[in-house]
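J.: Input file: input28.cif. Contents: mmCIF, C-alpha atoms.
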data_run
#
loop_
_atom_site.group_PDB
_atom_site.id
_atom_site.type_symbol
_atom_site.label_atom_id
_atom_site.label_comp_id
_atom_site.auth_asym_id
_atom_site.auth_seq_id
_atom_site.Cartn_x
_atom_site.Cartn_y
_atom_site.Cartn_z
ATOM 1 C CA MET Z 1348 -52.872 -25.582 -2.099
ATOM 2 C CA THR Z 1349 -50.944 -24.163 -5.040
ATOM 3 C CA PRO Z 1350 -49.068 -26.500 -7.374
ATOM 4 C CA ASP Z 1351 -45.250 -26.333 -7.571
ATOM 5 C CA PRO Z 1352 -44.271 -24.342 -10.705
ATOM 6 C CA MET Z 1353 -41.250 -26.594 -11.346
ATOM 7 C CA THR Z 1354 -43.197 -29.823 -11.705
ATOM 8 C CA PRO Z 1355 -44.986 -30.411 -14.999
ATOM 9 C CA ASP Z 1356 -48.745 -30.382 -14.898
ATOM 10 C CA PRO Z 1357 -49.986 -33.888 -15.790
ATOM 11 C CA MET Z 1358 -53.220 -32.415 -17.110
ATOM 12 C CA VAL Z 1359 -51.390 -30.360 -19.782
ATOM 13 C CA PRO Z 1360 -49.892 -32.640 -22.454
ATOM 14 C CA ASP Z 1361 -47.461 -29.993 -23.838
ATOM 15 C CA ALA Z 1362 -45.742 -29.315 -20.508
ATOM 16 C CA MET Z 1363 -42.026 -30.309 -20.550
ATOM 17 C CA ALA Z 1364 -39.586 -30.783 -17.767
ATOM 18 C CA HIS Z 1365 -36.509 -28.569 -17.686
ATOM 19 C CA ASP Z 1366 -34.206 -31.432 -18.694
ATOM 20 C CA GLN Z 1367 -36.449 -32.337 -21.628
ATOM 21 C CA LEU Z 1368 -36.484 -28.727 -22.771
ATOM 22 C CA MET Z 1369 -32.668 -28.479 -22.631
ATOM 23 C CA GLN Z 1370 -32.310 -31.689 -24.659
ATOM 24 C CA ALA Z 1371 -34.785 -30.450 -27.243
ATOM 25 C CA LEU Z 1372 -32.726 -27.305 -27.944
ATOM 26 C CA SER Z 1373 -30.354 -27.467 -30.862
ATOM 27 C CA PRO Z 1374 -26.626 -26.930 -30.218
ATOM 28 C CA ILE Z 1375 -25.136 -23.464 -30.595
ATOM 29 C CA ARG Z 1376 -23.832 -22.842 -34.085
ATOM 30 C CA LEU Z 1377 -21.039 -20.297 -34.398
ATOM 31 C CA PRO Z 1378 -18.553 -19.813 -37.192
ATOM 32 C CA ALA Z 1379 -15.156 -21.339 -36.511
ATOM 33 C CA SER Z 1380 -13.575 -17.882 -36.373
ATOM 34 C CA MET Z 1381 -15.828 -16.956 -33.430
ATOM 35 C CA THR Z 1382 -14.740 -19.836 -31.196
ATOM 36 C CA GLY Z 1383 -11.453 -18.196 -30.154
ATOM 37 C CA LEU Z 1384 -9.645 -14.884 -30.233
ATOM 38 C CA SER Z 1385 -6.992 -14.200 -32.809
ATOM 39 C CA GLN Z 1386 -3.735 -12.528 -31.883
ATOM 40 C CA ALA Z 1387 -4.842 -9.248 -33.448
ATOM 41 C CA GLU Z 1388 -8.055 -9.267 -31.419
ATOM 42 C CA MET Z 1389 -6.127 -9.926 -28.202
ATOM 43 C CA VAL Z 1390 -3.772 -7.014 -28.921
ATOM 44 C CA ALA Z 1391 -6.748 -4.780 -29.691
ATOM 45 C CA LEU Z 1392 -8.421 -5.767 -26.418
ATOM 46 C CA LEU Z 1393 -5.196 -5.111 -24.520
ATOM 47 C CA ALA Z 1394 -4.884 -1.683 -26.141
ATOM 48 C CA LEU Z 1395 -8.497 -0.842 -25.286
ATOM 49 C CA GLY Z 1396 -7.909 -1.928 -21.698
ATOM 50 C CA LEU Z 1397 -4.801 0.243 -21.413
ATOM 51 C CA ILE Z 1398 -6.601 3.238 -22.898
ATOM 52 C CA ALA Z 1399 -9.523 2.722 -20.516
ATOM 53 C CA GLY Z 1400 -7.109 2.470 -17.567
ATOM 54 C CA LEU Z 1401 -5.297 5.660 -18.551
ATOM 55 C CA LEU Z 1402 -8.575 7.481 -19.008
ATOM 56 C CA LEU Z 1403 -9.802 6.294 -15.617
ATOM 57 C CA ALA Z 1404 -6.513 7.326 -13.993
ATOM 58 C CA ALA Z 1405 -6.746 10.781 -15.584
ATOM 59 C CA ILE Z 1406 -10.285 11.171 -14.266
ATOM 60 C CA ILE Z 1407 -9.414 9.992 -10.745
ATOM 61 C CA LEU Z 1408 -6.099 11.895 -10.421
ATOM 62 C CA PRO Z 1409 -7.563 15.282 -9.388
ATOM 63 C CA PHE Z 1410 -9.505 13.596 -6.580
ATOM 64 C CA THR Z 1411 -6.574 11.576 -5.219
ATOM 65 C CA ARG Z 1412 -3.728 14.091 -5.518
ATOM 66 C CA ARG Z 1413 -2.243 15.515 -2.343
ATOM 67 C CA ARG Z 1414 -3.431 18.980 -1.596
ATOM 68 C CA ALA Z 1415 -1.676 21.589 0.485
ATOM 69 C CA ALA Z 1416 -3.341 22.293 3.781
ATOM 70 C CA ARG Z 1417 -5.141 25.594 3.913
ATOM 71 C CA SER Z 1418 -3.207 26.606 6.985
ATOM 72 C CA GLN Z 1419 0.105 26.443 5.127
ATOM 73 C CA GLN Z 1420 1.718 29.762 4.498
ATOM 74 C CA ARG Z 1421 3.108 30.878 1.208
ATOM 75 C CA LEU Z 1422 6.769 31.709 0.885
ATOM 76 C CA ALA Z 1423 6.176 35.443 0.660
ATOM 77 C CA ASP Z 1424 4.212 35.367 3.930
ATOM 78 C CA LEU Z 1425 7.340 34.240 5.782
ATOM 79 C CA ARG Z 1426 9.302 37.439 5.061
ATOM 80 C CA HIS Z 1427 8.173 39.239 8.199
ATOM 81 C CA LEU Z 1428 9.617 36.534 10.478
ATOM 82 C CA PRO Z 1429 13.143 36.734 11.887
ATOM 83 C CA ALA Z 1430 15.697 34.524 10.094
ATOM 84 C CA PRO Z 1431 15.747 31.503 12.473
ATOM 85 C CA GLU Z 1432 11.954 31.375 12.697
ATOM 86 C CA ARG Z 1433 11.649 31.876 8.923
ATOM 87 C CA LEU Z 1434 13.925 28.884 8.271
ATOM 88 C CA LEU Z 1435 11.956 26.761 10.743
ATOM 89 C CA ALA Z 1436 8.643 27.751 9.138
ATOM 90 C CA LEU Z 1437 10.121 27.051 5.723
ATOM 91 C CA SER Z 1438 11.218 23.578 6.784
ATOM 92 C CA ARG Z 1439 7.695 22.899 8.061
ATOM 93 C CA LEU Z 1440 6.210 24.214 4.837
ATOM 94 C CA LEU Z 1441 8.438 22.064 2.620
ATOM 95 C CA GLY Z 1442 8.562 19.043 4.880
ATOM 96 C CA HIS Z 1443 12.374 19.188 4.933
ATOM 97 C CA LEU Z 1444 15.124 21.781 5.200
ATOM 98 C CA PRO Z 1445 17.046 22.264 1.930
ATOM 99 C CA ALA Z 1446 20.771 21.504 2.229
ATOM 100 C CA ALA Z 1447 21.716 25.056 1.170
ATOM 101 C CA LEU Z 1448 19.884 26.507 4.184
ATOM 102 C CA ARG Z 1449 21.122 24.074 6.844
ATOM 103 C CA PRO Z 1450 24.259 26.073 7.839
ATOM 104 C CA ALA Z 1451 22.133 29.195 8.345
ATOM 105 C CA ALA Z 1452 19.512 27.270 10.312
ATOM 106 C CA TYR Z 1453 22.114 25.885 12.727
ATOM 107 C CA GLY Z 1454 23.915 29.212 13.120
ATOM 108 C CA ALA Z 1455 27.083 28.169 11.272
ATOM 109 C CA ALA Z 1456 26.539 30.851 8.594
ATOM 110 C CA PRO Z 1457 24.590 34.101 8.386
ATOM 111 C CA PRO Z 1458 21.098 33.754 6.903
ATOM 112 C CA PRO Z 1459 20.857 34.527 3.188
ATOM 113 C CA PRO Z 1460 18.647 37.362 1.894
ATOM 114 C CA ASP Z 1461 14.902 36.824 1.560
ATOM 115 C CA ARG Z 1462 14.938 36.417 -2.210
ATOM 116 C CA ARG Z 1463 17.714 33.809 -1.991
ATOM 117 C CA ILE Z 1464 15.777 31.847 0.629
ATOM 118 C CA GLU Z 1465 12.666 31.903 -1.580
ATOM 119 C CA ALA Z 1466 14.652 30.773 -4.643
ATOM 120 C CA ILE Z 1467 16.182 27.878 -2.700
ATOM 121 C CA ALA Z 1468 12.721 26.911 -1.407
ATOM 122 C CA ARG Z 1469 11.203 26.969 -4.911
ATOM 123 C CA ARG Z 1470 13.998 24.757 -6.264
ATOM 124 C CA ALA Z 1471 13.596 22.368 -3.336
ATOM 125 C CA ARG Z 1472 9.828 22.217 -3.916
ATOM 126 C CA LEU Z 1473 10.308 21.433 -7.621
ATOM 127 C CA ARG Z 1474 12.909 18.746 -6.935
ATOM 128 C CA ARG Z 1475 10.669 17.141 -4.331
ATOM 129 C CA ALA Z 1476 7.699 17.117 -6.721
ATOM 130 C CA TRP Z 1477 9.723 15.254 -9.349
ATOM 131 C CA ARG Z 1478 10.831 12.607 -6.833
ATOM 132 C CA ARG Z 1479 7.281 11.575 -5.887
#
Any chance you could put this one into structure tokens?

T.:
Amino acid sequence: MTPDPMTPDPMVPDAMAHDQLMQALSPIRLPASMTGLSQAEMVALLALGLIAGLLLAAIILPFTRRRAARSQQRLADLRHLPAPERLLALSRLLGHLPAALRPAAYGAAPPPPDRRIEAIARRARLRRAWRR
């Protein structure tokens, strides 16, 4: 039978109980300035926390940013389509139909030239990116 390691061995005179050992320790001695944080130290810690958060966000951003699906077509690839299909594909590509192209999409106006459609799509894409 093995003895319990937490009970003191009566055969060893120097063995102390845990409570006796804790009482025998001297109290912690720190300078008075170490007992609390000064305002300058708190501001410094806040600044370090903000810097660490920004750094972490900058590291994580490339992994969490939305990526375009590989199946999406580029604007120039839509040129071969007829005007109504091109406007539909463009609305799918952008996720919305720009207001300038709505009359042409619904047949109320003739479709604009290819370059005009691409310029409107680029502007719509930039505006949408700034809104997110």

J.: For a test of reading the model, state the distance in Å between atom CA of Leu1422 of chain Z and atom CA of Ala1452 of chain Z, rounded to one decimal.

T.: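 Going from atom CA of Leu1422 of chain Z over to atom CA of Ala1452 of chain Z, I get 16.5 Å.
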
J.: Tell me, counting only C-alpha atoms, for each residue of segment 1388-1445 of chain Z within 8 Å of segment 1463-1470 of chain Z, which pair of atoms is nearest and how far apart they are in Å to one decimal, in rows ordered by chain and increasing number, as JSON lines.

T.:
{"residue": "Z:Leu1422", "atom": "CA", "partner": "Z:Glu1465", "partner_atom": "CA", "distance": 6.4}
{"residue": "Z:Ala1423", "atom": "CA", "partner": "Z:Glu1465", "partner_atom": "CA", "distance": 7.7}
{"residue": "Z:Leu1437", "atom": "CA", "partner": "Z:Ala1468", "partner_atom": "CA", "distance": 7.6}
{"residue": "Z:Leu1441", "atom": "CA", "partner": "Z:Ala1468", "partner_atom": "CA", "distance": 7.6}
{"residue": "Z:Pro1445", "atom": "CA", "partner": "Z:Ala1468", "partner_atom": "CA", "distance": 7.2}

J.: What gap, in Å, lies between atom CA of Ile1398 of chain Z and atom CA of Gly1383 of chain Z?

T.: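 Atom CA of Ile1398 of chain Z sits 23.1 Å away from atom CA of Gly1383 of chain Z.
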
J.: For a test of reading the model, state the distance in Å between atom CA of Leu1384 of chain Z and atom CA of Leu1402 of chain Z, rounded to one decimal.

T.: 25.0 Å

J.: What box, with edges along x, y and z, holds each listed atom of segment 1399-1409 of chain Z when 4 Å is added on every side, and can you state its centre and edge lengths in Å to one decimal, as lines of an AutoDock Vina configuration file?

T.:
center_x = -7.8
center_y = 8.9
center_z = -15.0
size_x = 13.0
size_y = 20.8
size_z = 19.1

J.: Counting all atoms listed in the file, figure out which residue out of Z:Leu1393, Z:Leu1372, Z:Leu1435, Z:Ala1404 gets nearest to Ala1451 of chain Z.

T.: Z:Leu1435
